[in-house]
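J.: Handing over final_1.cif, mmCIF, C-alpha atoms.
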data_start
#
loop_
_atom_site.label_atom_id
_atom_site.label_comp_id
_atom_site.auth_asym_id
_atom_site.auth_seq_id
_atom_site.Cartn_x
_atom_site.Cartn_y
_atom_site.Cartn_z
CA MET A 1 73.11 44.54 70.89
CA ALA A 2 75.48 46.92 72.55
CA ARG A 3 78.36 46.04 70.32
CA ALA A 4 76.25 46.41 67.21
CA ALA A 5 75.16 49.80 68.48
CA VAL A 6 78.76 50.84 69.02
CA LEU A 7 79.98 49.50 65.71
CA GLY A 8 77.12 51.24 63.95
CA GLY A 9 78.44 54.56 65.19
CA LEU A 10 77.66 56.62 68.21
CA SER A 11 76.01 59.82 67.19
CA TRP A 12 75.06 62.58 69.59
CA ARG A 13 71.37 62.50 70.41
CA VAL A 14 69.13 65.10 71.97
CA ALA A 15 68.11 64.08 75.49
CA THR A 16 65.21 65.84 77.18
CA LEU A 17 64.87 65.78 80.96
CA VAL A 18 61.41 64.41 81.69
CA ALA A 19 61.62 63.70 85.43
CA PHE A 20 64.03 63.69 88.33
CA ARG A 21 64.24 62.25 91.84
CA ASP A 22 66.46 63.43 94.64
CA GLU A 23 68.20 60.40 96.13
CA ASN A 24 69.64 62.58 98.89
CA ALA A 25 70.88 66.16 99.33
CA ALA A 26 73.82 65.72 96.97
CA VAL A 27 72.58 63.10 94.53
CA ARG A 28 69.83 63.35 91.95
CA THR A 29 68.54 60.80 89.45
CA LEU A 30 67.71 62.35 86.09
CA VAL A 31 65.29 60.66 83.70
CA PHE A 32 65.95 61.54 80.07
CA SER A 33 63.88 60.80 77.00
CA ILE A 34 66.27 60.09 74.13
CA PRO A 35 64.42 59.47 70.85
CA GLY A 36 66.16 56.72 68.89
CA TRP A 37 67.91 55.28 71.93
CA PRO A 38 69.12 51.82 70.79
CA GLY A 39 68.94 50.21 74.24
CA HIS A 40 71.87 49.27 76.46
CA GLU A 41 73.36 46.53 78.54
CA ALA A 42 73.46 46.75 82.31
CA GLY A 43 76.66 48.46 83.39
CA GLN A 44 77.25 50.62 80.33
CA HIS A 45 77.71 54.38 80.39
CA VAL A 46 77.01 57.42 78.25
CA ASP A 47 78.90 60.52 77.26
CA VAL A 48 77.18 63.80 78.09
CA ARG A 49 78.01 67.05 76.29
CA LEU A 50 77.06 70.46 77.64
CA THR A 51 77.41 73.58 75.52
CA ALA A 52 77.37 77.11 76.94
CA PRO A 53 75.66 79.96 75.06
CA ASP A 54 79.00 81.20 73.69
CA GLY A 55 79.81 77.80 72.20
CA TYR A 56 82.16 76.48 74.90
CA SER A 57 81.40 72.81 75.44
CA THR A 58 82.66 70.01 77.62
CA GLN A 59 82.01 66.28 77.97
CA ARG A 60 81.79 63.81 80.83
CA SER A 61 80.93 60.12 81.17
CA TYR A 62 78.15 58.85 83.45
CA SER A 63 76.98 55.34 84.23
CA ILE A 64 73.45 54.39 83.29
CA ALA A 65 71.37 53.58 86.39
CA SER A 66 68.30 52.13 84.73
CA ALA A 67 67.36 48.97 82.86
CA VAL A 68 66.28 49.26 79.24
CA ASP A 69 62.93 51.06 79.12
CA GLY A 70 62.15 52.29 75.62
CA ASP A 71 63.73 55.68 75.03
CA LEU A 72 64.06 56.49 78.75
CA VAL A 73 67.51 56.51 80.30
CA GLU A 74 68.26 57.32 83.94
CA LEU A 75 71.51 58.80 85.17
CA THR A 76 72.27 59.25 88.86
CA ILE A 77 74.52 62.25 89.31
CA GLU A 78 76.45 63.10 92.45
CA LYS A 79 77.10 66.81 92.84
CA LEU A 80 80.86 67.09 93.20
CA PRO A 81 81.83 70.26 95.10
CA ASP A 82 84.45 71.26 92.54
CA GLY A 83 82.75 69.67 89.55
CA GLU A 84 82.36 71.48 86.25
CA VAL A 85 79.39 69.50 84.97
CA SER A 86 77.81 67.60 87.87
CA PRO A 87 76.54 70.70 89.78
CA TYR A 88 74.74 71.87 86.65
CA LEU A 89 73.21 68.49 85.87
CA SER A 90 72.20 67.71 89.43
CA HIS A 91 70.93 71.11 90.56
CA VAL A 92 70.28 73.42 87.59
CA LEU A 93 68.86 71.29 84.78
CA THR A 94 65.04 71.35 84.90
CA ILE A 95 62.20 69.42 83.29
CA GLY A 96 62.06 70.05 79.56
CA ASP A 97 65.72 71.09 79.28
CA ARG A 98 67.71 69.43 76.55
CA ILE A 99 71.33 68.25 76.50
CA GLU A 100 73.33 65.97 74.22
CA ILE A 101 74.06 62.33 75.02
CA ARG A 102 75.72 59.54 73.10
CA GLY A 103 76.01 55.89 73.93
CA PRO A 104 75.75 53.25 75.12
CA ILE A 105 79.49 52.84 75.70
CA GLY A 106 81.52 50.02 77.20
CA GLY A 107 81.22 46.31 76.51
CA TRP A 108 83.26 44.87 79.37
CA PHE A 109 81.71 45.97 82.67
CA VAL A 110 78.32 44.56 81.67
CA TRP A 111 75.97 41.88 82.93
CA GLU A 112 73.62 39.96 80.67
CA PRO A 113 70.60 38.11 82.09
CA SER A 114 71.35 35.06 79.93
CA VAL A 115 74.44 34.31 82.02
CA GLN A 116 73.47 31.95 84.81
CA SER A 117 76.42 32.20 87.20
CA PRO A 118 75.77 33.91 90.51
CA VAL A 119 76.61 37.59 90.56
CA LEU A 120 78.56 39.41 93.24
CA LEU A 121 78.29 43.18 93.09
CA VAL A 122 80.56 45.30 95.27
CA GLY A 123 79.92 49.03 95.20
CA GLY A 124 81.48 51.93 97.03
CA GLY A 125 79.49 55.16 97.30
CA SER A 126 78.15 56.26 93.93
CA GLY A 127 79.88 53.21 92.46
CA VAL A 128 76.58 51.49 93.13
CA VAL A 129 75.01 53.22 90.10
CA PRO A 130 76.01 50.81 87.29
CA LEU A 131 75.43 47.90 89.70
CA MET A 132 71.87 49.15 90.20
CA SER A 133 71.40 48.95 86.44
CA MET A 134 72.34 45.26 86.73
CA VAL A 135 69.92 44.72 89.62
CA ARG A 136 67.10 46.44 87.71
CA THR A 137 67.91 44.57 84.50
CA ARG A 138 67.69 41.30 86.44
CA THR A 139 64.30 42.30 87.81
CA ARG A 140 63.04 43.42 84.45
CA ALA A 141 64.13 40.13 82.86
CA GLY A 142 62.37 38.14 85.58
CA SER A 143 65.68 36.49 86.35
CA ARG A 144 66.26 34.56 89.57
CA VAL A 145 70.03 34.36 89.15
CA PRO A 146 71.44 34.71 92.68
CA PHE A 147 72.62 38.27 93.25
CA ARG A 148 74.46 39.71 96.21
CA LEU A 149 75.13 43.40 96.48
CA LEU A 150 77.76 44.47 98.99
CA TYR A 151 77.38 48.21 99.37
CA SER A 152 79.96 50.33 101.12
CA VAL A 153 78.54 53.70 102.04
CA ARG A 154 79.41 56.51 104.45
CA ASP A 155 76.22 56.54 106.52
CA PRO A 156 72.51 55.76 106.15
CA ASP A 157 71.72 59.19 104.64
CA ALA A 158 74.15 58.54 101.79
CA VAL A 159 72.50 55.28 100.69
CA LEU A 160 71.21 55.38 97.12
CA TYR A 161 68.13 53.38 96.09
CA GLY A 162 67.67 52.14 99.68
CA ALA A 163 63.89 51.69 99.59
CA GLU A 164 63.96 49.98 96.21
CA LEU A 165 66.66 47.58 97.34
CA ALA A 166 64.77 46.80 100.54
CA ALA A 167 61.60 46.02 98.59
CA LEU A 168 63.48 43.78 96.17
CA GLN A 169 65.07 41.84 99.00
CA HIS A 170 61.72 41.47 100.70
CA ASP A 171 60.10 40.02 97.58
CA ASP A 172 62.90 37.83 96.33
CA PRO A 173 65.13 35.66 98.53
CA SER A 174 67.61 35.15 95.69
CA ILE A 175 68.84 38.72 96.00
CA GLU A 176 70.68 39.91 99.09
CA VAL A 177 71.95 43.37 99.98
CA HIS A 178 74.56 43.84 102.69
CA TYR A 179 75.72 47.25 103.81
CA ALA A 180 79.09 48.28 105.16
CA PHE A 181 78.64 51.70 106.77
CA THR A 182 82.09 53.23 106.80
CA ARG A 183 81.47 56.11 109.21
CA VAL A 184 78.11 55.85 110.93
CA ALA A 185 76.05 52.67 111.08
CA PRO A 186 72.31 52.94 111.75
CA ALA A 187 71.17 52.23 115.30
CA ALA A 188 69.57 48.96 114.24
CA ALA A 189 72.65 47.67 112.42
CA THR A 190 74.10 44.36 113.57
CA ARG A 191 77.62 45.38 112.64
CA PRO A 192 79.66 48.36 113.77
CA SER A 193 80.77 50.87 111.17
CA GLY A 194 83.75 49.86 109.09
CA ARG A 195 85.06 49.26 105.62
CA ILE A 196 84.57 46.17 103.51
CA ASP A 197 87.39 43.80 104.42
CA ALA A 198 88.29 40.18 103.78
CA ALA A 199 86.01 38.93 106.57
CA PHE A 200 83.07 40.91 105.17
CA LEU A 201 83.64 39.55 101.67
CA ALA A 202 84.02 36.01 103.00
CA GLU A 203 80.84 36.24 105.08
CA PHE A 204 78.50 37.96 102.63
CA GLY A 205 80.02 37.37 99.19
CA PHE A 206 79.76 34.20 97.15
CA ALA A 207 82.60 31.76 97.72
CA ALA A 208 85.18 31.57 94.97
CA VAL A 209 84.29 27.91 94.31
CA LEU A 210 80.89 29.07 93.07
CA ALA A 211 82.70 31.01 90.32
CA PRO A 212 80.52 34.10 90.56
CA ALA A 213 80.71 36.91 88.04
CA VAL A 214 82.10 39.79 90.09
CA PHE A 215 81.64 43.49 89.43
CA VAL A 216 83.44 46.06 91.58
CA CYS A 217 82.78 49.77 91.16
CA GLY A 218 83.79 52.79 93.18
CA SER A 219 86.69 55.12 93.78
CA SER A 220 90.09 53.94 92.66
CA GLY A 221 91.25 53.15 96.19
CA PHE A 222 88.08 51.22 96.97
CA VAL A 223 88.30 49.17 93.80
CA GLU A 224 91.99 48.47 94.25
CA THR A 225 91.45 47.22 97.79
CA VAL A 226 88.37 45.12 97.10
CA ALA A 227 89.75 43.56 93.91
CA ASP A 228 92.95 42.57 95.71
CA LEU A 229 90.95 41.04 98.58
CA LEU A 230 88.77 39.06 96.17
CA VAL A 231 91.80 37.65 94.34
CA ALA A 232 93.33 36.75 97.71
CA LEU A 233 90.10 34.92 98.58
CA GLY A 234 90.58 32.77 95.51
CA HIS A 235 88.43 34.52 92.93
CA ASP A 236 89.82 34.20 89.41
CA ALA A 237 91.10 37.65 88.41
CA GLY A 238 89.57 37.08 84.99
CA ARG A 239 86.09 37.03 86.53
CA VAL A 240 86.56 40.20 88.56
CA LYS A 241 85.54 43.17 86.45
CA THR A 242 86.26 46.64 87.73
CA GLU A 243 85.20 50.19 87.04
CA ARG A 244 86.74 53.12 88.84
CA PHE A 245 85.77 56.74 89.16
CA GLY A 246 85.43 59.59 91.58
CA PRO A 247 88.09 61.59 93.35
CA THR A 248 91.60 60.84 92.27
CA GLY A 249 94.98 61.26 93.84
CA THR A 250 97.90 63.13 92.43
CA ARG A 251 99.80 60.01 91.49
CA MET B 252 74.72 68.95 66.41
CA ALA B 253 74.20 72.68 66.65
CA GLY B 254 71.60 74.42 68.71
CA ILE B 255 71.57 72.37 71.90
CA VAL B 256 72.70 75.03 74.31
CA SER B 257 72.36 75.08 78.08
CA PRO B 258 71.50 78.68 78.99
CA GLY B 259 72.61 78.51 82.62
CA PHE B 260 75.79 76.62 81.90
CA PHE B 261 79.06 78.50 81.93
CA GLY B 262 81.64 75.81 82.53
CA ARG B 263 85.12 76.10 83.88
CA ARG B 264 87.21 77.99 81.37
CA ARG B 265 90.87 77.23 81.32
CA GLU B 266 93.64 79.66 81.90
CA PRO B 267 95.46 80.35 78.66
CA GLY B 268 97.69 77.39 77.89
CA PRO B 269 98.36 74.70 75.36
CA PRO B 270 95.23 73.54 73.59
CA LEU B 271 93.63 70.22 74.55
CA PRO B 272 92.30 67.68 72.06
CA PRO B 273 88.57 68.07 71.33
CA GLY B 274 86.24 66.97 74.13
CA GLN B 275 89.00 66.73 76.74
CA TYR B 276 89.19 68.50 80.10
CA LEU B 277 92.21 69.24 82.23
CA GLU B 278 92.83 66.89 85.16
CA ARG B 279 95.26 67.66 87.99
CA GLY B 280 95.13 64.24 89.64
CA PHE B 281 96.09 61.03 87.94
CA PRO B 282 92.99 58.86 87.60
CA VAL B 283 93.36 55.10 87.43
CA LEU B 284 91.33 53.04 85.00
CA SER B 285 91.62 49.32 84.48
CA ALA B 286 89.32 46.47 83.61
CA GLY B 287 90.19 44.13 86.45
CA PRO B 288 92.37 43.54 89.50
CA THR B 289 95.88 44.94 89.37
CA PRO B 290 98.36 42.18 88.47
CA ARG B 291 101.29 41.87 90.90
CA VAL B 292 104.37 41.35 88.79
CA ASN B 293 107.51 39.86 90.31
CA LEU B 294 110.73 41.48 89.08
CA ASP B 295 112.59 38.17 89.50
CA THR B 296 110.48 36.59 86.80
CA TRP B 297 109.61 39.72 84.81
CA GLU B 298 110.41 39.54 81.15
CA PHE B 299 109.74 41.72 78.13
CA ARG B 300 109.91 40.13 74.75
CA ILE B 301 109.40 41.12 71.15
CA VAL B 302 108.35 38.39 68.72
CA ASN B 303 108.40 39.05 64.99
CA GLU B 304 106.11 37.58 62.35
CA SER B 305 108.46 34.62 61.89
CA GLY B 306 108.36 33.76 65.58
CA ASP B 307 111.86 35.04 66.27
CA LYS B 308 112.00 36.24 69.83
CA ARG B 309 114.16 38.73 71.65
CA ALA B 310 113.73 38.97 75.40
CA TRP B 311 115.05 41.06 78.27
CA ASP B 312 114.95 40.20 81.94
CA TRP B 313 114.76 43.01 84.48
CA ALA B 314 118.52 43.52 84.77
CA GLN B 315 119.00 43.48 81.02
CA PHE B 316 116.12 45.88 80.52
CA ARG B 317 117.37 48.34 83.11
CA ALA B 318 120.84 48.24 81.55
CA LEU B 319 119.44 49.72 78.34
CA PRO B 320 119.83 53.46 77.80
CA ALA B 321 116.88 55.31 79.32
CA ALA B 322 115.52 58.79 78.83
CA ASP B 323 113.46 61.31 80.76
CA ILE B 324 110.21 61.95 78.96
CA THR B 325 107.76 64.80 79.59
CA VAL B 326 104.51 64.32 77.74
CA ASP B 327 100.80 65.13 77.82
CA LEU B 328 98.35 62.28 78.45
CA HIS B 329 94.87 62.01 76.97
CA CYS B 330 92.41 59.41 78.25
CA VAL B 331 89.36 58.42 76.22
CA THR B 332 87.28 58.99 79.38
CA LYS B 333 87.85 62.73 78.72
CA TRP B 334 90.63 63.76 81.07
CA SER B 335 93.96 65.09 79.93
CA LYS B 336 96.98 65.60 82.13
CA LEU B 337 99.76 67.88 80.94
CA ALA B 338 103.51 67.64 81.31
CA THR B 339 103.73 64.28 83.03
CA ALA B 340 107.29 63.17 83.80
CA TRP B 341 108.39 59.62 83.02
CA ARG B 342 111.58 57.68 82.61
CA GLY B 343 111.79 54.83 80.18
CA VAL B 344 113.44 53.05 77.29
CA SER B 345 112.57 54.08 73.75
CA LEU B 346 110.91 51.42 71.61
CA ASP B 347 113.44 52.39 68.96
CA THR B 348 116.13 50.96 71.24
CA LEU B 349 114.21 47.73 71.80
CA LEU B 350 113.30 47.30 68.14
CA ASP B 351 116.81 48.06 66.91
CA GLY B 352 118.15 45.14 64.89
CA ILE B 353 114.87 43.22 64.85
CA GLU B 354 114.07 42.10 61.35
CA THR B 355 110.46 42.49 60.38
CA ARG B 356 108.15 43.27 57.51
CA ALA B 357 105.24 43.63 59.91
CA GLU B 358 103.13 46.77 59.86
CA TYR B 359 101.13 45.90 62.97
CA ALA B 360 101.89 45.38 66.62
CA LEU B 361 99.90 43.80 69.43
CA ALA B 362 101.00 44.75 72.93
CA LEU B 363 100.43 42.05 75.56
CA SER B 364 100.24 42.56 79.31
CA TYR B 365 100.49 40.59 82.51
CA GLY B 366 96.85 40.01 83.47
CA GLY B 367 95.81 39.40 79.87
CA TYR B 368 95.22 42.91 78.57
CA THR B 369 96.03 43.57 74.91
CA THR B 370 96.00 46.58 72.60
CA ASN B 371 96.85 46.90 68.93
CA LEU B 372 98.83 49.63 67.22
CA PRO B 373 100.43 50.14 63.86
CA LEU B 374 104.15 49.57 64.20
CA SER B 375 104.63 53.08 62.84
CA ALA B 376 103.02 54.43 66.04
CA LEU B 377 105.78 52.87 68.14
CA VAL B 378 108.90 54.05 66.32
CA ASP B 379 110.77 57.31 65.69
CA GLY B 380 110.74 58.53 69.27
CA LYS B 381 107.00 58.23 69.81
CA ALA B 382 106.82 55.35 72.31
CA TRP B 383 108.63 54.07 75.37
CA LEU B 384 108.61 51.34 77.97
CA ALA B 385 108.25 53.46 81.10
CA PHE B 386 109.46 52.24 84.48
CA ALA B 387 109.33 55.46 86.53
CA TYR B 388 106.79 58.22 86.96
CA ASP B 389 107.42 61.55 88.66
CA GLY B 390 110.80 60.41 89.93
CA ALA B 391 109.70 57.16 91.55
CA ASP B 392 109.24 53.55 90.52
CA LEU B 393 106.03 53.13 88.57
CA THR B 394 103.35 51.87 90.96
CA PRO B 395 101.28 48.76 90.12
CA GLU B 396 98.10 50.85 89.86
CA HIS B 397 99.64 52.93 87.09
CA GLY B 398 101.04 49.90 85.29
CA GLY B 399 104.27 49.12 87.13
CA PRO B 400 106.78 47.73 86.97
CA VAL B 401 106.71 48.65 83.29
CA ARG B 402 104.05 50.08 81.04
CA LEU B 403 103.96 51.03 77.42
CA LEU B 404 103.83 54.81 76.94
CA VAL B 405 102.44 55.99 73.61
CA PRO B 406 101.33 59.50 74.50
CA HIS B 407 100.25 60.55 71.02
CA LEU B 408 97.34 58.10 71.25
CA TYR B 409 94.56 57.75 73.84
CA LEU B 410 95.93 56.23 77.01
CA TRP B 411 94.32 52.78 76.60
CA LYS B 412 96.98 52.19 73.92
CA SER B 413 99.66 52.66 76.61
CA ALA B 414 99.28 49.15 77.97
CA LYS B 415 99.93 48.79 81.69
CA TRP B 416 101.97 45.82 83.00
CA VAL B 417 103.29 45.25 79.48
CA ARG B 418 105.17 42.01 78.93
CA GLY B 419 105.64 41.90 75.21
CA ILE B 420 104.91 43.06 71.71
CA ASP B 421 104.02 40.76 68.85
CA LEU B 422 104.83 42.06 65.38
CA ARG B 423 102.23 40.97 62.88
CA LEU B 424 101.65 41.06 59.15
CA ARG B 425 97.91 41.26 59.79
CA GLU B 426 96.16 43.36 62.34
CA GLU B 427 94.58 41.74 65.38
CA ARG B 428 92.36 43.89 67.57
CA GLY B 429 93.10 44.29 71.23
CA PHE B 430 90.90 44.27 74.32
CA TRP B 431 89.10 47.61 74.03
CA GLU B 432 89.37 47.68 70.26
CA GLN B 433 87.24 44.51 70.19
CA LEU B 434 84.74 46.14 72.53
CA GLY B 435 83.86 49.07 70.33
CA TYR B 436 86.68 51.51 70.92
CA HIS B 437 88.45 53.06 67.96
CA ASN B 438 91.15 51.09 66.20
CA ASP B 439 93.56 54.03 65.99
CA GLY B 440 92.69 56.22 68.99
CA ASP B 441 94.15 59.57 67.92
CA PRO B 442 92.92 62.12 70.50
CA TRP B 443 93.39 65.08 68.14
CA LEU B 444 90.99 63.42 65.70
CA GLU B 445 88.73 62.44 68.64
CA GLN B 446 88.81 58.79 67.59
CA ARG B 447 87.11 57.47 70.73
CA TYR B 448 84.71 54.82 69.43
CA SER B 449 84.84 52.56 66.44
CA ALA B 450 82.89 54.69 64.00
CA ASP B 451 84.22 58.09 65.09
#
Written as structure tokens, that's how I'd like the structure from this file.

T.:
Amino acid sequence: MARAAVLGGLSWRVATLVAFRDENAAVRTLVFSIPGWPGHEAGQHVDVRLTAPDGYSTQRSYSIASAVDGDLVELTIEKLPDGEVSPYLSHVLTIGDRIEIRGPIGGWFVWEPSVQSPVLLVGGGSGVVPLMSMVRTRTRAGSRVPFRLLYSVRDPDAVLYGAELAALQHDDPSIEVHYAFTRVAPAAATRPSGRIDAAFLAEFGFAAVLAPAVFVCGSSGFVETVADLLVALGHDAGRVKTERFGPTGTR
Amino acid sequence: MAGIVSPGFFGRRREPGPPLPPGQYLERGFPVLSAGPTPRVNLDTWEFRIVNESGDKRAWDWAQFRALPAADITVDLHCVTKWSKLATAWRGVSLDTLLDGIETRAEYALALSYGGYTTNLPLSALVDGKAWLAFAYDGADLTPEHGGPVRLLVPHLYLWKSAKWVRGIDLRLREERGFWEQLGYHNDGDPWLEQRYSAD
């Protein structure tokens, strides 16, 4: 589906904001209605184009957070302090406003419900967004493929989709969510704060012998570290798919 | 698509400077993008080889490669994910040097990388001072994250054509699509024509 959509051409479509939800003070989920949306696979992204009144325009890419739902597409946008586009999308755009979107884009970092291998998702910060599309696509498909989401996040206030993930876990023992709070763990947490390391991956991830499909998404440093650890734990590098974004270094 | 304007949007206008390809924005950092774990390549076993359409092979080990004449290269980079980075400083060996003396009627090339990545280019995109095998960036050895020990550098095309961890180039009479080209990205990838996706 996705490839056919891409090969058929990716035209810019008008996207109208029909709802939004604040995930926390800095992160908002935007729900767009995009007439003619061809559907997408879990993990794909879109290009967004904003045009100022004088004709200046700029583009950015954002992961899709939602499962396929007719012409509705959800993007979860983190307001970057020095961002050109994210402050506008996350804190200025209002219901009824229109922007341009094209997609879906990307045919590699995708999960399809027909694949039966267990799925290990490892997200850092807002890197959880395309992974959430996979979780929601699994739910929507009625799949019981074993899923484990390992979610590295600064502190409890920074967690995205926390209530939804808790409800899913409660209802379905074949999906597990394990948090690594990097700065401040909640009072009730069984583990102290700390980053995802080899011991964390070994304890909460699927063992390499189970040949899970692995998706790692987050900042470049996070992805580099986690992917290296997974390979060292015996996971086949060919089954570890990565997507990187967020702040970047100078080299 | 005219008429979709965001009234409250101003954007970050650039200082006067060289123009960017359409749809690109200026990046000061150096983002990393790759589809999987970073391959760790051992210089003791590193090899770069060019194979022509007849199967004739020419190969260089690390010492032989580093003995080739190298040049300092300052070029602008354009990534299909929208960022551009200007005046990046590399050191590398021109593909003209590596291709010199290789007999071929091929018009197509497929670059192959450690880790399994591939990308296809017309051979014409690699010759006449337009492409290098880069082994240093900003005065230091090229780091694994950015494709070290050696990456292809084809700055006139989107950066996915500049294969990281490159280990060889196959010269082909017929075109074979590479990794992203098979997944819906444009076959040619010229940033000035904004050839991002297959039907652009």

J.: Name the residues in contact with A:Arg239 at a cut-off of 8 Å, using only C-alpha atoms, excluding same-chain residues fewer than 5 positions from it; report them as a list in words.

T.: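 After dropping sequence-adjacent residues, the list is Ala211, Pro212, Ala213 and Val214 of chain A.
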
J.: Assuming the chain letters and numbering stay as they are in my file, what does the PyMOL selection byres ((chain B) within 7 of (chain A)) actually select? List them as a VMD selection string.

T.: chain B and resid 255 to 258 260 to 263 274 279 to 288 332 to 333 434 to 435 449 to 451

J.: Quick one: residues within 10 Å of (73.2, 51.3, 89.1) (file frame), counting only C-alpha atoms, please, as a list of chain:residue names.

T.: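 Nearby residues: A:Ala42, A:Gly43, A:Gln44, A:Ser63, A:Ile64, A:Ala65, A:Ser66, A:Ala67, A:Glu74, A:Leu75, A:Thr76, A:Gly123, A:Ser126, A:Gly127, A:Val128, A:Val129, A:Pro130, A:Leu131, A:Met132, A:Ser133, A:Met134, A:Val135, A:Arg136, A:Thr137, A:Leu160, A:Tyr161, A:Cys217.
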
J.: Please expand the PyMOL selection byres ((chain B and resi 304-319) around 8) into the concrete residues it hits in this file, giving the result as an MDAnalysis selection string.

T.: chainID B and resid 294:303 320:321 344 348 355:357 421:424

J.: Excluding same-chain residues fewer than 2 positions from stretch 391-407 of chain B, what lies within 8 Å of it counting all atoms listed in the file, as a PyMOL selection string?

T.: (chain A and resi 224) or (chain B and resi 283+289-292+294+326-329+376-377+381-389+409-410+412-417+441-442)

J.: Emit the selected residues as an mmCIF file, keeping the file's coordinate frame, including C-alpha atoms.

T.:
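As written to disk, again.cif reads:
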data_model
loop_
_atom_site.group_PDB
_atom_site.id
_atom_site.type_symbol
_atom_site.label_atom_id
_atom_site.label_comp_id
_atom_site.auth_asym_id
_atom_site.auth_seq_id
_atom_site.Cartn_x
_atom_site.Cartn_y
_atom_site.Cartn_z
ATOM 1 C CA GLU A 224 91.990 48.470 94.250
ATOM 2 C CA VAL B 283 93.360 55.100 87.430
ATOM 3 C CA THR B 289 95.880 44.940 89.370
ATOM 4 C CA PRO B 290 98.360 42.180 88.470
ATOM 5 C CA ARG B 291 101.290 41.870 90.900
ATOM 6 C CA VAL B 292 104.370 41.350 88.790
ATOM 7 C CA LEU B 294 110.730 41.480 89.080
ATOM 8 C CA VAL B 326 104.510 64.320 77.740
ATOM 9 C CA ASP B 327 100.800 65.130 77.820
ATOM 10 C CA LEU B 328 98.350 62.280 78.450
ATOM 11 C CA HIS B 329 94.870 62.010 76.970
ATOM 12 C CA ALA B 376 103.020 54.430 66.040
ATOM 13 C CA LEU B 377 105.780 52.870 68.140
ATOM 14 C CA LYS B 381 107.000 58.230 69.810
ATOM 15 C CA ALA B 382 106.820 55.350 72.310
ATOM 16 C CA TRP B 383 108.630 54.070 75.370
ATOM 17 C CA LEU B 384 108.610 51.340 77.970
ATOM 18 C CA ALA B 385 108.250 53.460 81.100
ATOM 19 C CA PHE B 386 109.460 52.240 84.480
ATOM 20 C CA ALA B 387 109.330 55.460 86.530
ATOM 21 C CA TYR B 388 106.790 58.220 86.960
ATOM 22 C CA ASP B 389 107.420 61.550 88.660
ATOM 23 C CA TYR B 409 94.560 57.750 73.840
ATOM 24 C CA LEU B 410 95.930 56.230 77.010
ATOM 25 C CA LYS B 412 96.980 52.190 73.920
ATOM 26 C CA SER B 413 99.660 52.660 76.610
ATOM 27 C CA ALA B 414 99.280 49.150 77.970
ATOM 28 C CA LYS B 415 99.930 48.790 81.690
ATOM 29 C CA TRP B 416 101.970 45.820 83.000
ATOM 30 C CA VAL B 417 103.290 45.250 79.480
ATOM 31 C CA ASP B 441 94.150 59.570 67.920
ATOM 32 C CA PRO B 442 92.920 62.120 70.500
#

J.: So that I can see what lies close to A:Phe204, please list as a list in words the residues with an atom at most 9 Å from it, counting only C-alpha atoms and leaving out residues fewer than 5 positions away in the same chain.

T.: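 These residues fall inside the cut-off: Arg148, Leu149, Leu150, Glu176, Val177, His178 and Ala199 of chain A.
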
J.: Quick one: residues within 6 Å of B:Thr325, all atoms listed in the file, excluding same-chain residues fewer than 2 positions away - as number ranges by chain?

T.: B: 338-340

J.: Could you please determine the separation between atom CA of B:Gly343 and atom CA of B:Arg418 in Å, to one decimal place?

T.: 14.5 Å

J.: To one decimal in Å, tell me the separation between atom CA of A:Pro38 and atom CA of A:Gly70.

T.: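 The value is 8.5 Å.
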
J.: Excluding B:Pro273 and its own-chain neighbours fewer than 2 positions away, which residues fall within 8 Å of it when counting all atoms listed in the file? Please give them as a list in words.

T.: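 Everything that qualifies: Leu271, Gln275, Pro442, Trp443, Leu444 and Glu445 of chain B.
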
J.: Please, could N, CA and C atoms be added to stretch 384-391 of chain B and the result written as a tab-separated table (two decimals), in the frame of the given file?

T.:
chain	number	residue	atom	x	y	z
B	384	LEU	N	108.99	52.19	76.84
B	384	LEU	CA	108.61	51.34	77.97
B	384	LEU	C	108.99	52.12	79.22
B	385	ALA	N	108.00	52.59	79.96
B	385	ALA	CA	108.25	53.46	81.10
B	385	ALA	C	108.31	52.64	82.38
B	386	PHE	N	109.33	52.96	83.21
B	386	PHE	CA	109.46	52.24	84.48
B	386	PHE	C	109.44	53.19	85.68
B	387	ALA	N	109.40	54.50	85.42
B	387	ALA	CA	109.33	55.46	86.53
B	387	ALA	C	108.39	56.59	86.14
B	388	TYR	N	107.68	57.08	87.16
B	388	TYR	CA	106.79	58.22	86.96
B	388	TYR	C	107.04	59.23	88.07
B	389	ASP	N	107.24	60.48	87.69
B	389	ASP	CA	107.42	61.55	88.66
B	389	ASP	C	108.55	61.22	89.64
B	390	GLY	N	109.60	60.62	89.12
B	390	GLY	CA	110.80	60.41	89.93
B	390	GLY	C	110.79	59.18	90.81
B	391	ALA	N	109.75	58.36	90.70
B	391	ALA	CA	109.70	57.16	91.55
B	391	ALA	C	109.33	55.96	90.69
